Amino acid sequence: GSSSVAYPYIARRLLTDDDPALRDRLIQVLFSDGKFQWKRLENLIMLAREGAVSGAGSGLDLSDTVRDALRVMLLDDNLRAQVIMALTEDNQLRVSEAASVLRLVWPDIKPQRLAADILREAPKTARSLLLNWADRVLVS
């Protein structure tokens with residue numbers, strides 16, 4: 001039915017849309033009960049890819065999502081802490097989970113584009129980091 005068409009579209013929007021409300025929603029979906037939902041992330045990627053293959057438009061390009069995730073993790077203390085917790089849950093490094101997610105997203109990332117984007121945004125990100133740091137130092 002229409003819901004089976006909607007799911008890949010929603011998954012794709014959640015992963016690739018830069019609307020802050022959707023980004024917040026993605027974070028809520030991926031962190032439940034203070035635990036990172038690795039399987040949910042994998043399912044989202046598979047669904048989004050399914051939608052990209054069957055639907056109109058280009059394939060799935062997760063370069064922006066990865067770039068934005070890296071930037072948000074650099075600048076957002078709370079999210080960075082949550083990601084670190086997710087990667088070290090139960091005092092174990094979640095290497096296999098992270099590796100399987102990486103294997104999933106790798107075909108949908110354009111490394112040259114991602115590198116160029118990160119380099120282009122580096123000054124802006126660095127400035128934000130410095131301002132964040134300065135705010136904290138001056139407040140304490």
# chains A, B, ... in the order shown; residues from 1 in each chain; ligands from 1

$ residues_around --residues "Lys110 of chain A" --least-positions-apart "5" --cutoff "12 Å" --atoms "only C-alpha atoms" --output "PyMOL selection string"
chain A and resi 59-67+105+115-117

$ write_last_selection --atoms "C-alpha atoms" --output "PDB file, in the first residue's frame"
ATOM      1  CA  GLY A  59      20.475   7.469  -5.760  1.00  0.00           C
ATOM      2  CA  LEU A  60      21.014   8.000  -2.086  1.00  0.00           C
ATOM      3  CA  ASP A  61      23.813  10.450  -1.297  1.00  0.00           C
ATOM      4  CA  LEU A  62      24.592  10.484   2.401  1.00  0.00           C
ATOM      5  CA  SER A  63      27.621  12.800   2.070  1.00  0.00           C
ATOM      6  CA  ASP A  64      25.672  15.789   3.440  1.00  0.00           C
ATOM      7  CA  THR A  65      24.264  13.720   6.291  1.00  0.00           C
ATOM      8  CA  VAL A  66      27.711  12.476   7.293  1.00  0.00           C
ATOM      9  CA  ARG A  67      29.185  15.986   7.011  1.00  0.00           C
ATOM     10  CA  VAL A 105      26.654   3.853   4.146  1.00  0.00           C
ATOM     11  CA  ALA A 115      36.345  15.876   1.957  1.00  0.00           C
ATOM     12  CA  ALA A 116      35.869  19.038  -0.119  1.00  0.00           C
ATOM     13  CA  ASP A 117      32.787  20.027   1.913  1.00  0.00           C
TER      14      ASP A 117
END

$ select_by_dssp --residues "chain A" --states "strand (DSSP E)" --output "list in words"
Phe31, Ser32, Lys35 and Phe36 of chain A

$ residues_around --residues "Val101 of chain A" --least-positions-apart "5" --cutoff "10 Å" --atoms "only C-alpha atoms" --output "list in words"
Trp38, Lys39, Leu41, Glu42, Asn43, Ile45, Val95, Ser96 and Trp106 of chain A

$ residues_around --residues "Ala69 of chain A" --least-positions-apart "2" --cutoff "12 Å" --atoms "only C-alpha atoms" --output "PyMOL selection string"
chain A and resi 15-18+20+23-24+26-27+62-67+71-76+79-80+83+114+118

$ closest_residue --among "A:Val139, A:Ala11, A:Ala21, A:Leu119" --to "Glu50 of chain A" --atoms "only C-alpha atoms"
A:Ala11
